Amino acid sequence: MTNNKIGIVCSGGDAPGINNAIYGLVHKLAPTYQILGFYDGLEGIYLQKYLVLDQVNVEGIQLEGSAIIGCERFAEFNNFAIQAQVVENLKALNIQHLVVFGGNGSLMAAKILVKQGIKVHFIPTTIDNDVVEVKTTLGFDTALNSVVEFIRRVNYSAKNHKKVQVYELMGRECSDLTNSVGQAVYADYVINNQNFTNPHLVAEIVKALKESNKRTNIILLSEKLLQTQALITEISAKISKRIWFTIIGHFQRGGTPSFGDCHYGAKCVDKIVKNIQMQKANLIYSLAEEVVI
């Protein structure tokens, strides 16, 4: 068995497209390299819990959502002793390159590993699209398509019953998902990180609803910005229609990856394989960019 080893870890929240990219990495790098997939994020490296990935046990995952090795946040990594142990374990296992899937927090962890001498390849992976170094992230396209389809289905019934639809979307501090869905469905109002503190917010929403002259209306709201129920109660008291409120939740992070995300992952994989062969590392990948970590 080869002593050349590549590690793969999925840090933070999950996103569609991870399995597809893992499949590509294994099929392009094995058997030249032994591929170790660490379970449940950085904790898997710390506890040395991993699965040796090969062309047999990844068969079929390219068509599936989820992640064969799981995804998890590991808050304990903020501890310097934990960081040192993770680095020591990677070196003891002779991991020559580490592929990291993750979002903003995972990128911070990746930067720590790079400073400790670990060769890292980072694939920005989050439906939040909040990795500022790149334009888009793996999983964002699938989430966008899933939410639009969700709203499209509910809209048929909402139109029949003349209801106002209010949807709360994920995204944390980034409103890209909410804004993009709003454009796609021609939402009547989008509450995001830029306007949620507007003192005239309710008045503007009520005005937009009254002037729309439509059987149904769509309002989108980024998560954790406002006390949503209080907002809905206040709006409802000033309009004649009833409101249907839906927290779309983790539906946004599930499902089979879209063509866009499969293409995104495949392009990243091709770049990573090429750079590993050239002994280049410490890069952030996307469709168009390769940015130094």
# chains A, B, ... in the order shown; residues from 1 in each chain; ligands from 1
call {"tool": "select_by_dssp", "arguments": {"residues": "range 54-222 of chain A", "states": "alpha helix (DSSP H)", "output": "ChimeraX atom specification"}}
result
/A:80-92,104-115,140-161,176-185,201-212
call {"tool": "write_last_selection", "arguments": {"atoms": "C-alpha atoms", "output": "PDB file, in the first residue's frame"}}
result
ATOM      1  CA  PHE A  80      -4.240  25.792  21.342  1.00  0.00           C
ATOM      2  CA  ALA A  81      -3.570  22.354  22.806  1.00  0.00           C
ATOM      3  CA  ILE A  82      -6.295  20.845  20.604  1.00  0.00           C
ATOM      4  CA  GLN A  83      -4.833  22.582  17.561  1.00  0.00           C
ATOM      5  CA  ALA A  84      -1.392  21.190  18.354  1.00  0.00           C
ATOM      6  CA  GLN A  85      -2.794  17.667  18.715  1.00  0.00           C
ATOM      7  CA  VAL A  86      -4.642  17.906  15.382  1.00  0.00           C
ATOM      8  CA  VAL A  87      -1.432  18.985  13.641  1.00  0.00           C
ATOM      9  CA  GLU A  88       0.553  16.236  15.392  1.00  0.00           C
ATOM     10  CA  ASN A  89      -1.989  13.595  14.319  1.00  0.00           C
ATOM     11  CA  LEU A  90      -1.910  14.731  10.699  1.00  0.00           C
ATOM     12  CA  LYS A  91       1.878  14.545  10.655  1.00  0.00           C
ATOM     13  CA  ALA A  92       1.920  11.164  12.437  1.00  0.00           C
ATOM     14  CA  ASN A 104     -16.099  30.916   6.957  1.00  0.00           C
ATOM     15  CA  GLY A 105     -15.272  29.304  10.301  1.00  0.00           C
ATOM     16  CA  SER A 106     -13.622  26.336   8.639  1.00  0.00           C
ATOM     17  CA  LEU A 107     -11.461  28.663   6.573  1.00  0.00           C
ATOM     18  CA  MET A 108     -10.174  30.221   9.791  1.00  0.00           C
ATOM     19  CA  ALA A 109      -9.257  26.733  11.009  1.00  0.00           C
ATOM     20  CA  ALA A 110      -7.587  25.989   7.672  1.00  0.00           C
ATOM     21  CA  LYS A 111      -5.444  29.104   8.040  1.00  0.00           C
ATOM     22  CA  ILE A 112      -4.293  27.900  11.458  1.00  0.00           C
ATOM     23  CA  LEU A 113      -3.302  24.535   9.985  1.00  0.00           C
ATOM     24  CA  VAL A 114      -1.382  26.219   7.161  1.00  0.00           C
ATOM     25  CA  LYS A 115       0.607  28.255   9.686  1.00  0.00           C
ATOM     26  CA  PHE A 140     -25.288  27.506  -2.776  1.00  0.00           C
ATOM     27  CA  ASP A 141     -26.768  26.680  -6.180  1.00  0.00           C
ATOM     28  CA  THR A 142     -28.618  23.600  -4.887  1.00  0.00           C
ATOM     29  CA  ALA A 143     -30.006  25.516  -1.911  1.00  0.00           C
ATOM     30  CA  LEU A 144     -31.161  28.305  -4.218  1.00  0.00           C
ATOM     31  CA  ASN A 145     -32.924  25.841  -6.518  1.00  0.00           C
ATOM     32  CA  SER A 146     -34.462  23.938  -3.593  1.00  0.00           C
ATOM     33  CA  VAL A 147     -35.906  27.058  -1.964  1.00  0.00           C
ATOM     34  CA  VAL A 148     -37.306  28.375  -5.249  1.00  0.00           C
ATOM     35  CA  GLU A 149     -38.998  25.009  -5.868  1.00  0.00           C
ATOM     36  CA  PHE A 150     -40.363  24.989  -2.307  1.00  0.00           C
ATOM     37  CA  ILE A 151     -41.889  28.438  -2.734  1.00  0.00           C
ATOM     38  CA  ARG A 152     -43.195  27.600  -6.199  1.00  0.00           C
ATOM     39  CA  ARG A 153     -45.166  24.662  -4.807  1.00  0.00           C
ATOM     40  CA  VAL A 154     -46.652  26.585  -1.880  1.00  0.00           C
ATOM     41  CA  ASN A 155     -47.467  29.508  -4.156  1.00  0.00           C
ATOM     42  CA  TYR A 156     -50.090  27.476  -6.037  1.00  0.00           C
ATOM     43  CA  SER A 157     -52.116  27.030  -2.864  1.00  0.00           C
ATOM     44  CA  ALA A 158     -51.410  30.510  -1.509  1.00  0.00           C
ATOM     45  CA  LYS A 159     -52.746  32.005  -4.737  1.00  0.00           C
ATOM     46  CA  ASN A 160     -55.925  29.943  -4.466  1.00  0.00           C
ATOM     47  CA  HIS A 161     -56.541  31.147  -0.916  1.00  0.00           C
ATOM     48  CA  ASP A 176     -27.033  36.175  -0.437  1.00  0.00           C
ATOM     49  CA  LEU A 177     -29.476  33.261  -0.408  1.00  0.00           C
ATOM     50  CA  THR A 178     -32.422  35.448   0.577  1.00  0.00           C
ATOM     51  CA  ASN A 179     -31.536  38.112  -1.996  1.00  0.00           C
ATOM     52  CA  SER A 180     -31.013  35.599  -4.814  1.00  0.00           C
ATOM     53  CA  VAL A 181     -34.261  33.763  -4.092  1.00  0.00           C
ATOM     54  CA  GLY A 182     -36.021  37.128  -3.935  1.00  0.00           C
ATOM     55  CA  GLN A 183     -34.827  37.944  -7.437  1.00  0.00           C
ATOM     56  CA  ALA A 184     -35.832  34.523  -8.761  1.00  0.00           C
ATOM     57  CA  VAL A 185     -39.402  34.569  -7.403  1.00  0.00           C
ATOM     58  CA  LEU A 201     -39.831  48.646   7.572  1.00  0.00           C
ATOM     59  CA  VAL A 202     -43.393  47.667   8.471  1.00  0.00           C
ATOM     60  CA  ALA A 203     -44.881  50.696   6.732  1.00  0.00           C
ATOM     61  CA  GLU A 204     -42.935  49.929   3.562  1.00  0.00           C
ATOM     62  CA  ILE A 205     -44.025  46.279   3.575  1.00  0.00           C
ATOM     63  CA  VAL A 206     -47.683  47.181   4.146  1.00  0.00           C
ATOM     64  CA  LYS A 207     -47.496  49.758   1.351  1.00  0.00           C
ATOM     65  CA  ALA A 208     -45.950  47.216  -1.040  1.00  0.00           C
ATOM     66  CA  LEU A 209     -48.634  44.637  -0.218  1.00  0.00           C
ATOM     67  CA  LYS A 210     -51.531  47.081  -0.628  1.00  0.00           C
ATOM     68  CA  GLU A 211     -50.217  48.431  -3.920  1.00  0.00           C
ATOM     69  CA  SER A 212     -49.432  45.049  -5.466  1.00  0.00           C
TER      70      SER A 212
END
call {"tool": "residues_around", "arguments": {"residues": "range 192-194 of chain A", "least_positions_apart": "6", "cutoff": "8 Å", "atoms": "only C-alpha atoms", "output": "list in words"}}
result
Glu173, Cys174, Ser175, Thr178, Asn179, Leu221, Ser222 and Leu225 of chain A
call {"tool": "write_last_selection", "arguments": {"atoms": "C-alpha atoms", "output": "mmCIF file, in the first residue's frame"}}
result
data_model
loop_
_atom_site.group_PDB
_atom_site.id
_atom_site.type_symbol
_atom_site.label_atom_id
_atom_site.label_comp_id
_atom_site.auth_asym_id
_atom_site.auth_seq_id
_atom_site.Cartn_x
_atom_site.Cartn_y
_atom_site.Cartn_z
ATOM 1 C CA GLU A 173 -24.748 37.001 8.661
ATOM 2 C CA CYS A 174 -24.941 36.776 4.872
ATOM 3 C CA SER A 175 -28.172 37.498 2.967
ATOM 4 C CA THR A 178 -32.422 35.448 0.577
ATOM 5 C CA ASN A 179 -31.536 38.112 -1.996
ATOM 6 C CA LEU A 221 -36.641 37.202 5.583
ATOM 7 C CA SER A 222 -33.060 36.267 6.446
ATOM 8 C CA LEU A 225 -32.562 39.369 12.117
#
call {"tool": "atom_distance", "arguments": {"atom1": "CA of Leu51 in chain A", "atom2": "CA of Lys274 in chain A"}}
result
23.8 Å
call {"tool": "closest_residue", "arguments": {"among": "A:Val58, A:Ile68, A:Leu138, A:Val100", "to": "Tyr39 in chain A", "atoms": "only C-alpha atoms"}}
result
A:Ile68
call {"tool": "select_by_dssp", "arguments": {"residues": "range 23-249 of chain A", "states": "strand (DSSP E)", "output": "NGL selection string"}}
result
:A and (34-38 or 50-53 or 95-102 or 120-124 or 164-169 or 189-191 or 217-222 or 243-247)
call {"tool": "write_last_selection", "arguments": {"atoms": "N, CA and C atoms", "output": "CSV table (one decimal), in the first residue's frame"}}
result
chain,number,residue,atom,x,y,z
A,34,GLN,N,-3.2,7.1,-0.8
A,34,GLN,CA,-4.2,6.5,0.1
A,34,GLN,C,-5.0,7.7,0.6
A,35,ILE,N,-6.4,7.6,0.5
A,35,ILE,CA,-7.3,8.7,0.9
A,35,ILE,C,-7.9,8.4,2.2
A,36,LEU,N,-7.7,9.2,3.2
A,36,LEU,CA,-8.3,9.1,4.5
A,36,LEU,C,-9.3,10.1,4.7
A,37,GLY,N,-10.6,9.7,4.9
A,37,GLY,CA,-11.7,10.6,5.1
A,37,GLY,C,-11.9,10.7,6.6
A,38,PHE,N,-11.7,11.8,7.2
A,38,PHE,CA,-11.9,11.9,8.7
A,38,PHE,C,-13.3,12.2,9.0
A,50,TYR,N,-11.2,7.8,11.2
A,50,TYR,CA,-11.2,8.0,9.7
A,50,TYR,C,-11.6,6.7,9.0
A,51,LEU,N,-12.0,7.0,7.7
A,51,LEU,CA,-12.4,5.9,6.8
A,51,LEU,C,-11.4,5.9,5.6
A,52,VAL,N,-10.8,4.8,5.3
A,52,VAL,CA,-9.9,4.8,4.1
A,52,VAL,C,-10.9,4.7,2.9
A,53,LEU,N,-10.9,5.8,2.1
A,53,LEU,CA,-11.8,5.9,1.0
A,53,LEU,C,-11.1,5.2,-0.2
A,95,ILE,N,-0.1,12.6,6.5
A,95,ILE,CA,-1.0,13.3,5.6
A,95,ILE,C,-0.2,14.4,4.9
A,96,GLN,N,0.0,14.2,3.6
A,96,GLN,CA,0.8,15.1,2.8
A,96,GLN,C,0.0,16.3,2.3
A,97,HIS,N,-1.3,16.1,2.1
A,97,HIS,CA,-2.2,17.2,1.7
A,97,HIS,C,-3.5,17.0,2.4
A,98,LEU,N,-4.2,18.0,2.8
A,98,LEU,CA,-5.5,17.9,3.5
A,98,LEU,C,-6.5,18.8,2.7
A,99,VAL,N,-7.5,18.1,2.2
A,99,VAL,CA,-8.6,18.8,1.5
A,99,VAL,C,-9.7,19.1,2.5
A,100,VAL,N,-10.1,20.4,2.7
A,100,VAL,CA,-11.0,20.8,3.7
A,100,VAL,C,-12.3,21.4,3.0
A,101,PHE,N,-13.4,20.9,3.3
A,101,PHE,CA,-14.7,21.4,2.9
A,101,PHE,C,-15.3,22.2,4.0
A,102,GLY,N,-15.7,23.5,3.8
A,102,GLY,CA,-16.3,24.2,4.9
A,102,GLY,C,-16.5,25.7,4.5
A,120,VAL,N,-2.8,22.6,2.7
A,120,VAL,CA,-4.3,22.6,2.7
A,120,VAL,C,-4.8,23.0,1.3
A,121,HIS,N,-5.9,22.3,1.0
A,121,HIS,CA,-6.7,22.7,-0.2
A,121,HIS,C,-8.1,22.9,0.3
A,122,PHE,N,-8.6,24.1,0.1
A,122,PHE,CA,-9.9,24.5,0.7
A,122,PHE,C,-11.0,24.7,-0.3
A,123,ILE,N,-12.0,23.9,-0.2
A,123,ILE,CA,-13.2,24.1,-1.1
A,123,ILE,C,-14.3,24.8,-0.3
A,124,PRO,N,-14.6,26.0,-0.6
A,124,PRO,CA,-15.6,26.8,0.1
A,124,PRO,C,-17.0,26.1,-0.1
A,164,VAL,N,-50.8,35.8,2.1
A,164,VAL,CA,-49.4,36.4,2.0
A,164,VAL,C,-48.5,35.4,2.5
A,165,GLN,N,-47.4,35.1,1.7
A,165,GLN,CA,-46.5,34.1,2.1
A,165,GLN,C,-45.2,34.8,2.7
A,166,VAL,N,-44.8,34.4,3.9
A,166,VAL,CA,-43.6,34.9,4.5
A,166,VAL,C,-42.7,33.7,4.8
A,167,TYR,N,-41.5,33.8,4.3
A,167,TYR,CA,-40.5,32.7,4.4
A,167,TYR,C,-39.2,33.2,5.1
A,168,GLU,N,-38.8,32.4,6.1
A,168,GLU,CA,-37.5,32.7,6.7
A,168,GLU,C,-36.5,31.7,6.2
A,169,LEU,N,-35.4,32.3,5.6
A,169,LEU,CA,-34.3,31.5,5.0
A,169,LEU,C,-33.0,31.6,5.8
A,189,TYR,N,-41.2,41.8,-1.1
A,189,TYR,CA,-40.3,42.5,-0.2
A,189,TYR,C,-39.3,41.5,0.4
A,190,VAL,N,-38.1,41.9,0.5
A,190,VAL,CA,-37.0,41.1,1.0
A,190,VAL,C,-36.4,41.8,2.2
A,191,ILE,N,-36.4,41.1,3.3
A,191,ILE,CA,-35.8,41.7,4.6
A,191,ILE,C,-34.4,41.0,4.7
A,217,ASN,N,-48.9,37.3,-2.2
A,217,ASN,CA,-47.6,38.1,-2.1
A,217,ASN,C,-46.6,37.2,-1.4
A,218,ILE,N,-45.3,37.6,-1.7
A,218,ILE,CA,-44.2,36.8,-1.1
A,218,ILE,C,-43.3,37.8,-0.4
A,219,ILE,N,-43.0,37.5,0.8
A,219,ILE,CA,-42.0,38.2,1.6
A,219,ILE,C,-40.9,37.3,2.1
A,220,LEU,N,-39.7,37.6,1.9
A,220,LEU,CA,-38.6,36.8,2.3
A,220,LEU,C,-37.8,37.5,3.5
A,221,LEU,N,-37.3,36.7,4.4
A,221,LEU,CA,-36.6,37.2,5.6
A,221,LEU,C,-35.4,36.3,5.9
A,222,SER,N,-34.3,37.0,6.0
A,222,SER,CA,-33.1,36.3,6.4
A,222,SER,C,-33.2,35.9,7.9
A,243,ILE,N,-51.7,35.7,6.8
A,243,ILE,CA,-50.3,35.4,6.4
A,243,ILE,C,-50.0,33.9,6.7
A,244,TRP,N,-49.3,33.3,5.8
A,244,TRP,CA,-48.8,32.0,6.0
A,244,TRP,C,-47.3,32.1,6.2
A,245,PHE,N,-46.8,31.7,7.4
A,245,PHE,CA,-45.4,31.9,7.7
A,245,PHE,C,-44.7,30.5,7.7
A,246,THR,N,-43.5,30.4,7.1
A,246,THR,CA,-42.8,29.2,7.0
A,246,THR,C,-41.3,29.4,7.3
A,247,ILE,N,-40.8,28.7,8.2
A,247,ILE,CA,-39.3,28.6,8.4
A,247,ILE,C,-38.8,27.4,7.6
call {"tool": "atom_distance", "arguments": {"atom1": "CA of Lys49 in chain A", "atom2": "CA of Lys271 in chain A"}}
result
27.2 Å
call {"tool": "atom_distance", "arguments": {"atom1": "CA of Lys238 in chain A", "atom2": "CA of Lys163 in chain A"}}
result
14.1 Å
